[in-house]
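Inspection log for the structure reproduced underneath, given as structure tokens.
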Amino acid sequence: MNKTLKPLFACLFSGLICTGAAAAEPQVINIKTDGSSMVMSVTSDGEVLFHHFGGRIDDATPVTGIKSYRRTDHGTDNLAYSTMGGRNFREPALRVTHADGDMNTELRYVSHTTRTLADTNVTRTVIKLTDTNQALDVELFYTAYAEENVITTHAVIRNREKGSIVLHSFYSSSLPVKARSYLLTHLYGAWARESQVDHTLLTHGSKSIESRKQVRTTHTENPAFMITLDSESFDENYGEVIAGALAWSGNFRLNFEVDEFNVLNILAGANPYASDYTLGAGESFTTPEMIYTYSSEGAGGASRHLHDWARNYGVWHGHTYAPTLLNSWEGAYFTFDAKTLTEMIDDAADMGLEMFVLDDGWFGNKYPRNDSNAGLGDWQVNAKKLPEGIDYIASYAHQKGMKFGIWFEPEMISPDSDLYRAHPDWCIHIPGRMQVESRHQLVLDLSRKEVREYIIDAVSAAMERGNVDYVKWDMNRNMNMLHSDGLDSAHQKELNHRYILGLYEILEAVTSRFPDVLFESCAGGGGRFDFGMMHYMPQAWCSDDTDAFMRCRIQYGTSMVFPVSTMGAHVSAVPNHQMGRSTPLATRAAVAMGGTYGYELDLTRLPKEELDEIRRLNEKVKALQPLLLYGEFYRLCSPFEGNKTAFMSVSEDRREAVVTHVYGPAEPNRQPVLLPLRGLDAEKEYRDVESGRVYGGDELMTHGLTIPRAWGDYMATQFHLVAVD
């Protein structure tokens with residue numbers, strides 16, 4: 001299903017309010033999907049209280065009638081959007097200093113509207129609130145996706161006061177939850193080991209997951225989570241789970257506060273750390289979109305809801321196919337010429353691959369990019385290395401029937417570059433203080449219009465000259481030493497936020513100019529794996545670590561939130577360049593099939609038998625790709641809980657499935673594994689395409705599929721099951 005509605009960022013750039021037909025003002029607000037409800041009510045004095053996010057309730061009136069469990073001096077009930085002021089003693093979603101210095105805000109209900117959008121699967125509810133004393137308005141937007149069982153939310157804050165106000169905290173949502181216990185599951189890691197899975201039982205008090213690194217935000221933490229309710233154990237298939245993900249590519253904060261009455265309040269949004277935002281009279285501020293789902297079928301059910309929503313709405317929809325590719329990086333790094341590249345293209349075409357990607361090192365003329373020391377910002381071809389030009393390499397690939405892709409790092413600038421010598425003030429720096437380089441590079445100030453215009457024009461010109469079909473958009477350092485020459489002293493703390501809005505403006509312009517080009521996000525690997533980037537780029541590089549067994553963990557964790565179709569996964573050389581580990585080619589391929597499939601190696605160094613195997617694997621991938629990338633995904637066995645992992649993809653009609661099982665290091669007395677499957681039709685029979693053996697669907701899901709004993713380290717087994725007519 002390829003739906004082109006783009007609700008996430010429509011309000012972010014236009015500032016428009018979505019409204020519906022005028023209606024009576026009911027006391028109950030029930031936002032529903034096919035399987036869930038988000039219930040609020042309006043009190044007699046105009047407070048909007050939150051009562052329920054969980055299974056669907058058609059008549060929510062009884063839910064809103066439950067009396068408060070608090071004494072008035074213990075604070076207020078669960079506000080739909082909490083503020084600093086009144087009787088709220090928990091961390092607020094909104095904290096404002098008003099034009100007259102007043103630091104209190106008390107929001108009251110004005111009206112709400114609900115309407116069905118052009119896509120009848122989607123409804124939008126807008127709740128309008130205003131402060132009791134100040135000319136400050138807040139509108140809460142809730143967009144419900146019925147079939148996907150997802151509700152997204154953001155806030156628009158409007159200043160009608162006579163002077164400027166300062167926003168200190170401006171979270172996207174405040175979600176109160178009531179249960180006996182809360183098990184938090186979230187992703188953490190570092191470069192080359194992203195998306196590790198952590199489970200934490202929340203106790204009374206606060207726990208925060210946040211990033212302060214600004215432009216590379218998901219190496220260490222990811223702005224996503226799952227909460228298992230009323231259980232202290234994580235389960236893929238059973239139990240109630242609330243999951244959330246923030247569509248934002250900058251500093252973020254998720255705060256989980258369990259109060260003295262065992263109510264969990266979840267705040268999610270842009271990180272307020274060093275990010276005060278001054279809002280002038282008549283101006284408005286739109287928070288990033290927060291995505292929520294509820295599942296009564298464990299973590300796996302929550303993941304599949306998010307996957308469905310991402311594929312149908314959250315991810316750029318210009319592409320529904322990921323070409324198999326060869327990337328030049330681990331095969332050549334910076335050392336290549338036209339002959340090197342054309343030979344790589346010849347080999348890739350001979351292997352049946354569909355695209356060649358020229359990675360770092362092709363640009364920089366006066367300051368050539370022969371290593372990481374120079375050239376960033378000068379997006380003209382390195383004439384000494386490639387005197388024939390990029391268009392020659394692209395044309396050669398096209399003549400071989402392949403697509404051509406290219407690498408950029410547009411947000412960065414090298415001190416050794418023409419751009420830096422012409423505009424040294426364009427980088428983020430603090431006048432009078434030493435500039436801090438990382439990887440011999442600085443960060444361009446995307447809050448400045450002239451910088452954004454330069455990037456748009458320079459990248460567009462290079463893409464046009466090179467006749468490019470694919471772009472890998474990289475970004476390889478964090479941002480520090482915050483200061484912008486384009487902002488006065490009163491607005492310096494806005495740089496964090498304005499940088500990301502500037503990035504989105506650039507991406508909107510470039511992707512709109514080149515709607516047929518496939519864009520992939522990268523940030524030193526998986527340093528920017530979020531739905532904000534995926535609004536423009538339908539896939540992202542999971543990690544610079546391409547070791548197959550480490551990738552089992554990385555891709556397993558990533559799949560908690562993001563669909564397989566977004567995860568860049570390649571077969572690389574052995575010994576692996578990051579781990580030094582050797583794994584069989586079949587295992588590397590099986591794991592890479594859990595993402596957008598490609599290669600990062602020098603094909604000329606492989607023996608004939610491996611080249612023959614690659615040809616066979618490429619044909620298999622192309623035949624199975626719609627199922628592998630867009631099927632319902634099930635995690636069957638966690639690599640974090642033992643020496644093996646397993647996952648499967650099932651077609652929408654449940655007639656076809658691919659099952660992958662990977663062993664870790666060899667163990668003595670290893671026995672066959674019985675692996676119960678998921679998502680099949682219990683009344684159908686399935687044939688294993690390779691062996692011809694027929695299984696009952698009920699047998700496969702109850703008794704399990706037998707995984708044979710494996711002799712050796714890191715052995716993989718893959719099954720392609722097709723229903724018997």
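Simple scheme: letters A, B, ... for chains in structure tokens order, numbers from 1 for residues in each chain, numbers from 1 for ligands in the order shown.
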
Problem - Backbone DSSP call of helix (DSSP H, G or I) for range 533-629 of chain A, listed as a VMD selection string - result: chain A and resid 533 to 534 548 to 558 564 to 566 585 to 592 603 to 605 608 to 629

Practice task
Within range 121-181 of chain A, find each residue whose DSSP state, derived from the backbone, is strand (DSSP E or B), and express the selection as a ChimeraX atom specification.
Solution key: /A:122-131,136-145,150-159,165-170,173-178

Exercise for the section: Would you kindly return, as number ranges by chain, each protein, DNA or RNA residue with an atom no farther than 6 Å from any atom of range 546-558 of chain A, considering only C-alpha atoms and excluding same-chain residues fewer than 3 positions away? Expected result: A: 194-197, 562, 576, 588, 639

Exercise for the section: Write out as a ChimeraX atom specification each polymer residue whose atoms come within 7 Å of Met701 in chain A, counting only C-alpha atoms; drop sequence neighbours fewer than 4 positions from it. Expected result: /A:676-678,697

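Shell of Pro272 in chain A at 10 Å, with only C-alpha atoms counted and residues fewer than 6 places along the chain excluded, is Arg95, Leu167, His168, Ser169, Phe170, Tyr171, Arg212, Asn251, Phe252, Arg253, Lys493, Asn496 and His497 of chain A.
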
Practice task
Excluding Phe514 in chain A and any residue of its chain fewer than 6 positions from it, enumerate the residues within 10 Å of it, using only C-alpha atoms, and give them as a ChimeraX atom specification.
Solution key: /A:460,463-464,468-470

For the residues selected in the previous step, produce a file with C-alpha atoms as a compact mmCIF listing (two decimals), in the first residue's frame.
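Saved as selection_8.txt:
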# COMPACT_ATOMS: atom_id res chain seq x y z
CA SER A 460 21.99 19.89 -6.83
CA MET A 463 23.82 15.58 -8.85
CA GLU A 464 22.85 17.05 -12.20
CA VAL A 468 22.83 10.53 -10.16
CA ASP A 469 20.20 7.91 -9.25
CA TYR A 470 21.07 7.53 -5.56

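Nearest residue to Tyr597 in chain A among A:Val724, A:Val571, A:Ile413, A:Met84 is A:Val571, counting only C-alpha atoms.
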